[in-house]
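Asks: Have a look at the structure that comes next, please.
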Amino acid sequence: MQFKYNKYAVKDLLKGFGSHAVLILVSITCLFPLAWMFCSSFKTQQTIFRDMSLIPKEFHWENFAIAWTRGGFGVYFLNSVFYTVAVISGLIVIASLAAYAFSRLEFRGKGIIYSTFLAAMMIPIPGAFVALYILLIKLGLVNTRLGYILPQISIGLSLAIYILKTFFDEIPKEIEDAAMVDGCSTIGIWWHIVLPLAKPAIAVIAIFNTLAVWNEYILAMIILQDKAKMPLQRGLMIFQGAHFTEYSLLMAGITITVIPIIIVYLFMQRYIIQGIAAGVAKG
């Protein structure tokens with residue numbers, strides 16, 4: 001029996017080692033381009049192809065200063081921060097109110113409206129661009145910040161409502177009944193009780209949509225023509241067109257666009273698993 005136990009233990013050890021080796025290899029293939037991009041951003045145009053080492057011999061921080069000022073990345077960066085905060089805030093408020101209404105209130109056409117929101121998730125986003133652009137023209141929102149923010153809120157609304165409604169359905173109604181006895185209104189229950197309890201689900205929505213808004217390019221290309229209103233990804237393509245052969249500056253510009261979202265993801269990644277386990281999985 002002792003021999004069998006050792007045999008199975010060695011087998012499990014080798015199996016675990018093989019799985020970890022594969023995961024490490026995949027991680028290296030994913031991280032190497034980022035590492036090369038980051039290190040290349042500190043090199044000069046002359047050394048970027050001659051110096052193949054990841055760690056440059058000299059760090060040229062002026063590449064970031066040139067990209068930030070001459071490339072306009074300071075304006076693009078602030079625009080992306082503004083758009084991300086505005087979209088996430090609007091999305092959470094609208095989706096949580098709608099999800100709470102679908103979860104707790106009874107009204108005519110509730111099932112049809114909710115099913116319509118779910119069906120909207122099956123429509124490919126590029127397939128709605130023509131109708132969206134025509135609508136924005138009629139509303140006078142082309143080349144405006146509001147015209148860029150509202151469609152992105154609409155894009156993330158269906159999934160956010162589904163996630164939050166699934167979470168709200170699991171909240172005991174006795175908690176809300178006790179709050180009503182104490183004189184709390186429906187809006188007060190939503191704000192003081194429901195939203196705090198739904199933090200894991202809200203975190204999942206915020207993280208996924210932050211990634212989507214920060215990396216969005218196609219919608220910005222269609223709607224925005226004014227450079228002062230463009231987000232980072234749109235500005236990066238303009239910078240790339242102007243400095244296509246200046247690879248060190250181009251790598252610095254790409255690094256500016258990538259680093260903030262990597263930092264956000266590293267700090268918030270644990271909430272993804274927590275939110276899915278606490279909210280979505282309950283459905």
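Naming scheme: A, B, ... for chains in displayed order of the structure tokens; residues 1 onward per chain; ligands 1 onward as shown.
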Name the residues of region 157-237 of chain A that fall into helix (DSSP H, G or I) according to DSSP on the backbone, using the chain letters and numbers of this document, as a ChimeraX atom specification.
Replies: /A:157-168,173-181,186-197,199-214,218-223,227-229,232-237
Asks: Keeping only C-alpha atoms, write the selected residues to a file as a PDB file, in the first residue's frame.
Replies:
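Generated output (out-v8.pdb):
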ATOM      1  CA  LEU A 157     -26.041  48.193 -20.365  1.00  0.00           C
ATOM      2  CA  SER A 158     -27.524  44.791 -21.276  1.00  0.00           C
ATOM      3  CA  LEU A 159     -24.842  42.665 -19.627  1.00  0.00           C
ATOM      4  CA  ALA A 160     -24.669  44.951 -16.587  1.00  0.00           C
ATOM      5  CA  ILE A 161     -28.439  44.692 -16.051  1.00  0.00           C
ATOM      6  CA  TYR A 162     -28.298  40.909 -16.372  1.00  0.00           C
ATOM      7  CA  ILE A 163     -25.461  40.589 -13.839  1.00  0.00           C
ATOM      8  CA  LEU A 164     -27.037  42.954 -11.314  1.00  0.00           C
ATOM      9  CA  LYS A 165     -30.554  41.531 -11.612  1.00  0.00           C
ATOM     10  CA  THR A 166     -29.180  38.037 -10.998  1.00  0.00           C
ATOM     11  CA  PHE A 167     -27.437  39.379  -7.899  1.00  0.00           C
ATOM     12  CA  PHE A 168     -30.440  41.367  -6.659  1.00  0.00           C
ATOM     13  CA  LYS A 173     -36.496  40.671   0.652  1.00  0.00           C
ATOM     14  CA  GLU A 174     -36.779  40.647   4.451  1.00  0.00           C
ATOM     15  CA  ILE A 175     -33.905  43.124   4.600  1.00  0.00           C
ATOM     16  CA  GLU A 176     -35.787  45.571   2.407  1.00  0.00           C
ATOM     17  CA  ASP A 177     -39.046  45.014   4.307  1.00  0.00           C
ATOM     18  CA  ALA A 178     -37.278  45.898   7.553  1.00  0.00           C
ATOM     19  CA  ALA A 179     -35.895  49.061   5.957  1.00  0.00           C
ATOM     20  CA  MET A 180     -39.369  50.067   4.747  1.00  0.00           C
ATOM     21  CA  VAL A 181     -40.732  49.613   8.278  1.00  0.00           C
ATOM     22  CA  THR A 186     -37.473  52.644  -2.504  1.00  0.00           C
ATOM     23  CA  ILE A 187     -34.640  54.883  -3.683  1.00  0.00           C
ATOM     24  CA  GLY A 188     -33.220  54.851  -0.164  1.00  0.00           C
ATOM     25  CA  ILE A 189     -33.229  51.039  -0.127  1.00  0.00           C
ATOM     26  CA  TRP A 190     -31.491  50.991  -3.502  1.00  0.00           C
ATOM     27  CA  TRP A 191     -28.826  53.433  -2.351  1.00  0.00           C
ATOM     28  CA  HIS A 192     -28.224  52.388   1.264  1.00  0.00           C
ATOM     29  CA  ILE A 193     -28.862  48.642   1.141  1.00  0.00           C
ATOM     30  CA  VAL A 194     -28.903  47.123  -2.339  1.00  0.00           C
ATOM     31  CA  LEU A 195     -25.860  48.873  -3.832  1.00  0.00           C
ATOM     32  CA  PRO A 196     -23.538  48.165  -0.862  1.00  0.00           C
ATOM     33  CA  LEU A 197     -24.514  44.489  -0.940  1.00  0.00           C
ATOM     34  CA  LYS A 199     -20.289  45.618  -4.518  1.00  0.00           C
ATOM     35  CA  PRO A 200     -18.778  42.362  -5.906  1.00  0.00           C
ATOM     36  CA  ALA A 201     -21.064  42.428  -8.956  1.00  0.00           C
ATOM     37  CA  ILE A 202     -20.496  46.163  -9.443  1.00  0.00           C
ATOM     38  CA  ALA A 203     -16.737  45.565  -9.292  1.00  0.00           C
ATOM     39  CA  VAL A 204     -16.973  43.002 -12.111  1.00  0.00           C
ATOM     40  CA  ILE A 205     -18.984  45.408 -14.260  1.00  0.00           C
ATOM     41  CA  ALA A 206     -16.608  48.272 -13.522  1.00  0.00           C
ATOM     42  CA  ILE A 207     -13.474  46.268 -14.354  1.00  0.00           C
ATOM     43  CA  PHE A 208     -14.696  44.776 -17.633  1.00  0.00           C
ATOM     44  CA  ASN A 209     -16.144  48.052 -18.874  1.00  0.00           C
ATOM     45  CA  THR A 210     -13.079  50.019 -17.806  1.00  0.00           C
ATOM     46  CA  LEU A 211     -10.988  47.747 -20.010  1.00  0.00           C
ATOM     47  CA  ALA A 212     -13.470  48.147 -22.866  1.00  0.00           C
ATOM     48  CA  VAL A 213     -13.740  51.953 -22.645  1.00  0.00           C
ATOM     49  CA  TRP A 214     -10.003  52.506 -22.197  1.00  0.00           C
ATOM     50  CA  ILE A 218     -13.541  52.188 -33.590  1.00  0.00           C
ATOM     51  CA  LEU A 219     -16.310  54.316 -32.055  1.00  0.00           C
ATOM     52  CA  ALA A 220     -13.875  57.173 -31.422  1.00  0.00           C
ATOM     53  CA  MET A 221     -12.706  56.981 -35.043  1.00  0.00           C
ATOM     54  CA  ILE A 222     -16.303  57.250 -36.287  1.00  0.00           C
ATOM     55  CA  ILE A 223     -17.614  59.947 -33.948  1.00  0.00           C
ATOM     56  CA  LYS A 227      -8.034  66.054 -31.566  1.00  0.00           C
ATOM     57  CA  ALA A 228      -8.817  67.839 -28.311  1.00  0.00           C
ATOM     58  CA  LYS A 229     -11.635  65.340 -27.670  1.00  0.00           C
ATOM     59  CA  LEU A 232      -5.739  57.631 -25.970  1.00  0.00           C
ATOM     60  CA  GLN A 233      -6.257  54.833 -28.488  1.00  0.00           C
ATOM     61  CA  ARG A 234      -7.417  57.224 -31.210  1.00  0.00           C
ATOM     62  CA  GLY A 235      -4.600  59.606 -30.406  1.00  0.00           C
ATOM     63  CA  LEU A 236      -2.120  56.742 -30.508  1.00  0.00           C
ATOM     64  CA  MET A 237      -3.038  55.936 -34.104  1.00  0.00           C
TER      65      MET A 237
END
Asks: So, with only C-alpha atoms as the atoms that count, which of A:Ile137, A:Ala98, A:Val75, A:Ile155 lies closest to Ala120 (chain A)?
Replies: A:Ile155
Asks: Would you compute the distance between CA of Leu91 (chain A) and CA of Gly156 (chain A)? Give it in Å to one decimal.
Replies: 7.1 Å
Asks: So, counting only C-alpha atoms, which residue among A:Gly111, A:Ser103, A:Val81, A:Ile171 is closest to Pro260 (chain A)?
Replies: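 Checking each candidate against Pro260 (chain A), we get A:Val81 as the closest.
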Asks: Which residues, written as a PyMOL selection string, have at least one atom at most 9 Å from Phe42 (chain A), with only C-alpha atoms counted and residues fewer than 2 positions away on the same chain left out?
Replies: chain A and resi 38-40+44+48+56+58-64+248-249+251-252
Asks: As an exercise, work out the distance from CA of Met268 (chain A) to CA of Gly147 (chain A) in Å and give it to one decimal place.
Replies: 28.7 Å
Asks: In Å to one decimal, how far is CA of Glu216 (chain A) from CA of Phe73 (chain A)?
Replies: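 Atom-to-atom, CA of Phe73 (chain A) and CA of Glu216 (chain A) are spaced 15.8 Å apart.
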Asks: Neighbouring residues of Pro231 (chain A) were defined as those with any atom within 7 Å, considering only C-alpha atoms; residues of the same chain fewer than 6 positions away were excluded. Please report them as a compact mmCIF listing (two decimals) with N, CA and C atoms, in the first residue's frame.
Replies:
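What ended up in around00.txt:
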# COMPACT_ATOMS: atom_id res chain seq x y z
N TYR A 76 -4.83 63.45 -24.58
CA TYR A 76 -5.49 62.17 -24.83
C TYR A 76 -5.70 61.38 -23.53
N PHE A 77 -4.70 61.42 -22.66
CA PHE A 77 -4.77 60.68 -21.41
C PHE A 77 -5.91 61.22 -20.52
N ASN A 79 -8.50 62.86 -21.51
CA ASN A 79 -9.77 62.53 -22.16
C ASN A 79 -10.19 61.10 -21.84
N SER A 80 -9.25 60.16 -21.91
CA SER A 80 -9.58 58.76 -21.63
C SER A 80 -10.02 58.58 -20.18
